[in-house]
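Trainee: final32.cif (mmCIF, C-alpha atoms and all ligand atoms) pasted underneath:
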data_structure
loop_
_atom_site.label_atom_id
_atom_site.label_comp_id
_atom_site.auth_asym_id
_atom_site.auth_seq_id
_atom_site.Cartn_x
_atom_site.Cartn_y
_atom_site.Cartn_z
CA MET A 540 -87.09 -52.21 147.38
CA SER A 541 -84.10 -50.03 146.61
CA LYS A 542 -84.55 -46.86 144.58
CA LEU A 543 -81.92 -45.35 142.32
CA LYS A 544 -81.06 -41.75 143.18
CA ILE A 545 -80.28 -39.85 140.02
CA ALA A 546 -79.16 -36.23 139.79
CA VAL A 547 -80.46 -34.00 137.04
CA GLN A 548 -79.58 -30.36 136.41
CA LYS A 549 -81.95 -28.15 138.38
CA SER A 550 -82.22 -25.43 135.81
CA GLY A 551 -80.34 -24.72 132.65
CA ARG A 552 -79.80 -26.28 129.31
CA LEU A 553 -79.69 -29.93 130.34
CA ASN A 554 -82.77 -29.97 132.54
CA GLU A 555 -85.47 -30.31 129.91
CA ASP A 556 -83.70 -32.80 127.65
CA SER A 557 -82.69 -34.92 130.65
CA LEU A 558 -86.30 -35.32 131.71
CA LYS A 559 -87.29 -35.92 128.09
CA ILE A 560 -84.88 -38.81 127.68
CA LEU A 561 -86.09 -40.37 130.93
CA LYS A 562 -89.61 -40.07 129.57
CA ALA A 563 -88.50 -41.62 126.28
CA ILE A 564 -87.34 -44.72 128.16
CA GLY A 565 -90.67 -44.93 129.92
CA ILE A 566 -89.85 -43.22 133.20
CA SER A 567 -92.20 -40.38 134.03
CA ILE A 568 -91.24 -37.93 136.71
CA ASP A 569 -93.58 -35.47 138.35
CA ASN A 570 -91.98 -32.36 137.03
CA GLY A 571 -92.23 -30.03 139.99
CA LYS A 572 -89.39 -27.70 139.24
CA ASP A 573 -89.69 -26.08 142.64
CA GLN A 574 -89.13 -29.39 144.34
CA LEU A 575 -85.58 -30.58 144.83
CA LYS A 576 -86.63 -34.20 144.75
CA ALA A 577 -89.21 -36.13 142.76
CA SER A 578 -90.13 -39.78 142.39
CA ALA A 579 -90.86 -41.73 139.25
CA ARG A 580 -94.36 -43.11 139.12
CA ASN A 581 -93.54 -46.39 137.49
CA PHE A 582 -89.87 -47.12 138.14
CA PRO A 583 -87.64 -47.46 141.25
CA LEU A 584 -86.05 -44.08 140.82
CA GLU A 585 -85.85 -40.71 142.55
CA VAL A 586 -84.67 -37.56 140.79
CA PHE A 587 -82.64 -34.93 142.64
CA TYR A 588 -82.54 -31.51 141.01
CA LEU A 589 -79.07 -30.14 141.69
CA ARG A 590 -76.67 -27.45 140.56
CA ASN A 591 -74.46 -28.63 137.72
CA GLY A 592 -71.18 -27.90 139.44
CA ASP A 593 -72.19 -29.75 142.60
CA ILE A 594 -73.10 -33.01 140.89
CA PRO A 595 -69.59 -34.55 140.51
CA GLN A 596 -68.96 -34.29 144.25
CA TYR A 597 -72.34 -35.85 145.07
CA LEU A 598 -71.44 -38.73 142.77
CA LYS A 599 -68.02 -39.18 144.37
CA ASP A 600 -69.55 -39.20 147.85
CA GLY A 601 -72.31 -41.60 146.83
CA VAL A 602 -75.00 -39.09 147.85
CA VAL A 603 -76.52 -39.86 144.46
CA ASP A 604 -76.01 -43.11 142.54
CA ALA A 605 -76.07 -41.62 139.07
CA ALA A 606 -76.42 -38.38 137.16
CA ILE A 607 -77.24 -36.95 133.78
CA ILE A 608 -74.59 -34.33 133.35
CA GLY A 609 -72.46 -32.52 130.80
CA GLU A 610 -69.27 -34.40 130.08
CA ASN A 611 -67.39 -31.08 130.33
CA VAL A 612 -68.39 -30.76 133.99
CA LEU A 613 -67.26 -34.32 134.70
CA ILE A 614 -63.92 -33.67 133.04
CA GLU A 615 -63.48 -30.50 135.08
CA LYS A 616 -64.54 -31.87 138.45
CA GLY A 617 -64.93 -35.61 138.37
CA ASN A 618 -62.24 -37.23 136.30
CA ASP A 619 -62.52 -40.56 138.08
CA LEU A 620 -66.26 -41.01 137.56
CA ASN A 621 -67.70 -43.67 135.34
CA ILE A 622 -69.53 -42.75 132.13
CA VAL A 623 -72.20 -45.35 131.40
CA GLU A 624 -73.67 -43.91 128.23
CA ARG A 625 -73.28 -40.85 126.02
CA LEU A 626 -76.70 -39.35 125.46
CA GLY A 627 -76.30 -37.38 122.23
CA PHE A 628 -77.81 -34.07 123.39
CA SER A 629 -76.45 -30.82 124.79
CA LYS A 630 -73.54 -31.05 122.42
CA CYS A 631 -71.01 -28.30 122.86
CA ARG A 632 -67.30 -27.67 122.95
CA VAL A 633 -64.97 -26.14 125.47
CA SER A 634 -62.91 -23.63 123.56
CA ILE A 635 -60.43 -20.80 123.84
CA ALA A 636 -61.59 -17.50 122.40
CA VAL A 637 -59.93 -14.12 122.02
CA PRO A 638 -61.01 -10.64 120.86
CA LYS A 639 -61.46 -10.46 117.09
CA SER A 640 -58.47 -8.14 116.82
CA SER A 641 -56.12 -10.52 118.66
CA GLU A 642 -53.33 -12.22 116.78
CA ALA A 643 -53.39 -15.34 118.95
CA LYS A 644 -54.14 -18.43 116.89
CA SER A 645 -54.10 -21.14 119.56
CA LEU A 646 -53.52 -21.85 123.24
CA LYS A 647 -49.80 -21.84 122.48
CA ASP A 648 -49.94 -18.10 121.80
CA LEU A 649 -51.19 -17.33 125.31
CA GLU A 650 -47.89 -17.48 127.20
CA GLY A 651 -48.02 -14.93 130.03
CA LYS A 652 -51.58 -13.92 129.12
CA ARG A 653 -54.67 -13.75 131.32
CA ILE A 654 -57.40 -16.32 130.63
CA ALA A 655 -60.86 -16.01 132.20
CA THR A 656 -62.68 -19.32 132.66
CA SER A 657 -65.09 -21.42 134.68
CA TYR A 658 -63.02 -24.50 133.81
CA PRO A 659 -59.64 -23.97 135.52
CA ASN A 660 -58.68 -27.64 135.81
CA THR A 661 -59.40 -28.27 132.16
CA VAL A 662 -57.48 -25.19 131.02
CA ASN A 663 -54.55 -26.00 133.30
CA GLN A 664 -54.36 -29.51 131.95
CA PHE A 665 -54.11 -28.21 128.39
CA LEU A 666 -51.69 -25.43 129.31
CA GLU A 667 -49.40 -27.95 131.00
CA LYS A 668 -49.54 -30.25 128.01
CA ALA A 669 -48.56 -27.34 125.77
CA GLY A 670 -45.85 -26.17 128.17
CA ILE A 671 -47.48 -22.74 128.45
CA THR A 672 -47.78 -20.61 131.58
CA ALA A 673 -50.77 -18.29 131.73
CA ASN A 674 -52.72 -16.54 134.50
CA LEU A 675 -56.18 -17.91 135.12
CA HIS A 676 -59.06 -15.80 136.35
CA ILE A 677 -61.83 -18.02 137.61
CA ILE A 678 -65.32 -16.65 136.94
CA ASN A 679 -68.55 -18.57 137.42
CA GLY A 680 -70.63 -17.05 134.64
CA SER A 681 -70.69 -14.44 131.88
CA VAL A 682 -67.05 -15.30 131.21
CA GLU A 683 -67.15 -13.80 127.71
CA ILE A 684 -67.43 -10.28 129.10
CA ALA A 685 -63.95 -10.49 130.65
CA PRO A 686 -61.86 -9.26 127.69
CA ASN A 687 -64.22 -6.29 127.18
CA ILE A 688 -63.80 -5.10 130.74
CA GLY A 689 -60.05 -5.49 130.61
CA LEU A 690 -59.95 -8.48 132.92
CA ALA A 691 -58.47 -11.01 130.50
CA ASP A 692 -56.80 -11.47 127.12
CA ALA A 693 -58.65 -14.68 126.37
CA VAL A 694 -61.51 -16.80 127.67
CA CYS A 695 -62.13 -20.51 127.92
CA ASP A 696 -65.78 -21.49 128.06
CA ILE A 697 -68.49 -23.58 126.51
CA VAL A 698 -69.43 -22.79 122.94
CA SER A 699 -72.67 -24.11 121.54
CA SER A 700 -74.24 -21.90 118.86
CA GLY A 701 -71.36 -19.41 119.06
CA SER A 702 -73.75 -16.52 119.60
CA THR A 703 -72.31 -15.50 122.99
CA LEU A 704 -68.84 -15.23 121.46
CA PHE A 705 -70.20 -13.26 118.52
CA LYS A 706 -72.13 -10.83 120.72
CA ASN A 707 -69.01 -10.14 122.75
CA GLY A 708 -66.73 -9.58 119.76
CA LEU A 709 -64.73 -12.76 120.36
CA LYS A 710 -63.49 -15.47 118.01
CA GLU A 711 -62.89 -19.13 118.77
CA ILE A 712 -59.25 -20.11 118.20
CA ASP A 713 -58.74 -23.48 119.87
CA LYS A 714 -61.12 -26.30 120.75
CA LEU A 715 -60.01 -28.14 123.89
CA LEU A 716 -62.87 -30.62 124.25
CA SER A 717 -66.09 -31.82 122.71
CA SER A 718 -68.85 -32.54 125.15
CA GLU A 719 -72.38 -33.89 125.35
CA ALA A 720 -74.75 -35.02 128.06
CA VAL A 721 -73.79 -38.36 129.61
CA LEU A 722 -75.16 -40.81 132.15
CA ALA A 723 -72.53 -41.26 134.86
CA THR A 724 -72.48 -43.38 138.01
CA SER A 725 -71.00 -43.14 141.49
CA PRO A 726 -68.08 -45.43 142.41
CA LYS A 727 -70.12 -46.20 145.55
CA ILE A 728 -73.22 -47.52 143.77
CA SER A 729 -74.69 -50.69 145.30
CA ASP A 730 -75.18 -53.89 143.30
CA GLU A 731 -78.92 -53.47 143.60
CA ASN A 732 -78.80 -49.97 142.15
CA GLN A 733 -76.30 -51.00 139.50
CA ALA A 734 -78.92 -53.51 138.33
CA ILE A 735 -81.37 -50.60 137.94
CA ILE A 736 -78.74 -48.68 135.95
CA ASP A 737 -78.26 -51.72 133.71
CA LYS A 738 -81.99 -51.70 133.00
CA ILE A 739 -81.89 -47.97 132.23
CA GLN A 740 -78.86 -48.42 130.00
CA PHE A 741 -80.56 -51.18 128.04
CA ARG A 742 -83.56 -48.93 127.39
CA LEU A 743 -81.34 -45.95 126.55
CA LYS A 744 -79.43 -47.91 123.95
CA SER A 745 -82.61 -48.76 122.11
CA VAL A 746 -83.92 -45.17 122.24
CA LEU A 747 -80.55 -43.78 121.10
CA ARG A 748 -80.37 -46.28 118.24
CA GLY A 749 -83.78 -45.08 117.13
CA ARG A 750 -82.54 -41.50 117.05
CA GLU A 751 -79.52 -42.17 114.88
C1 LIG B 1 -73.24 -20.73 128.47
C2 LIG B 1 -71.74 -20.77 128.32
C3 LIG B 1 -71.51 -19.81 127.19
C4 LIG B 1 -72.76 -19.93 126.34
C5 LIG B 1 -72.49 -20.73 125.09
O1 LIG B 1 -73.57 -19.62 129.25
O2 LIG B 1 -71.11 -20.34 129.54
O3 LIG B 1 -71.38 -18.51 127.68
O4 LIG B 1 -73.72 -20.62 127.14
O5 LIG B 1 -73.63 -20.87 124.28
P1 LIG B 1 -73.72 -20.25 122.82
O6 LIG B 1 -72.48 -20.59 122.09
O7 LIG B 1 -74.92 -20.95 122.24
O8 LIG B 1 -73.93 -18.78 122.95
P2 LIG B 1 -74.99 -19.43 129.90
O9 LIG B 1 -75.86 -18.69 128.97
O10 LIG B 1 -75.52 -20.75 130.33
O11 LIG B 1 -74.77 -18.48 131.17
P3 LIG B 1 -73.59 -18.37 132.26
O12 LIG B 1 -72.28 -18.37 131.58
O13 LIG B 1 -73.83 -17.08 132.95
O14 LIG B 1 -73.74 -19.54 133.18
MG MG B 2 -71.87 -18.18 129.66
#
Would you kindly transcribe this structure into structure tokens?
Mentor:
Amino acid sequence: MSKLKIAVQKSGRLNEDSLKILKAIGISIDNGKDQLKASARNFPLEVFYLRNGDIPQYLKDGVVDAAIIGENVLIEKGNDLNIVERLGFSKCRVSIAVPKSSEAKSLKDLEGKRIATSYPNTVNQFLEKAGITANLHIINGSVEIAPNIGLADAVCDIVSSGSTLFKNGLKEIDKLLSSEAVLATSPKISDENQAIIDKIQFRLKSVLRGRE
């Protein structure tokens, strides 16, 4: 019998809630965080613990059939992937922030400025739409430090509680996207595995309705 391969964030903010929602729909995974792969005990499913940023490519290639992933990552790296269900957790926004003393009020005020970000495609898309040219500095983490070390005039990153911005003396001036965890599928998924996804989706809908 075919098993659905589903990617879940290896470590980080989505990991725990992803496993929780699988549990809530009756799928229990042996939670060996050191393992990269785990099987469900009572459902035709295998979990692959992967790095967030790698997941869109695995979906595109059909290495995994599905994933629980932040919508922001899909928008950045996997625009053509199919979102099956929005999961209602890990809510955040992708925003532009500047030092408190800055006079910039939106993305439109960043002409010719340097923006540090881990989301270059997303930022570029919005810059183009606004007809603004800026210089992007791509950083993989701790983006909010960039203005303080003189590397950038603005940042674009995820904001959740806002505490990272606050601690770094930054203020949010423009929200580009809202994001939450989603269930997404590979364009290469087989009919057999799509039937498993349909079953999962059915269960998810009832759990999510209960949470409303
Ligand atoms: C994430 C994100 C922001 C912060 C937002 O960083 O890149 O910096 O969380 O959350 P907050 O608004 O609740 O403070 P993370 O701590 O995951 O580390 P990283 O940037 O080094 O990956
Ligand atoms: Mg960060």
Trainee: Counting only C-alpha atoms, which residue out of A:Val547, A:Ala606, A:Ala655, A:Leu553 sits closest to Leu722 of chain A?
Mentor: A:Ala606
Trainee: Taking only C-alpha atoms and all ligand atoms and a cut-off of 7 Å, can you tell me which residues surround ligand MG 2 (chain B), written as a VMD selection string?
Mentor: chain A and resid 680 to 683
Trainee: Taking 2 positions as the minimum chain separation for residues in the same chain, which residues sit within 12 Å of segment 591-599 of chain A when counting all atoms listed in the file? Answer as number ranges by chain.
Mentor: A: 544-554, 587-589, 601-622, 657-658, 679-680, 720, 722-728
Trainee: 6 Å from ligand LIG 1 (chain B) is the threshold here; counting all atoms listed in the file, which polymer residues fall inside it? Answer as a list of chain:residue names.
Mentor: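 Going residue by residue within 6 Å of ligand LIG 1 (chain B), we get A:Gly680, A:Ser681, A:Asp696, A:Ile697, A:Val698, A:Ser699, A:Ser700, A:Gly701, A:Ser702, A:Thr703.
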Trainee: Could you tell me how far atom CA of Lys744 of chain A sits from atom CA of Arg625 of chain A, in Å to one decimal place?
Mentor: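 Separating atom CA of Arg625 of chain A from atom CA of Lys744 of chain A is a distance of 9.6 Å.
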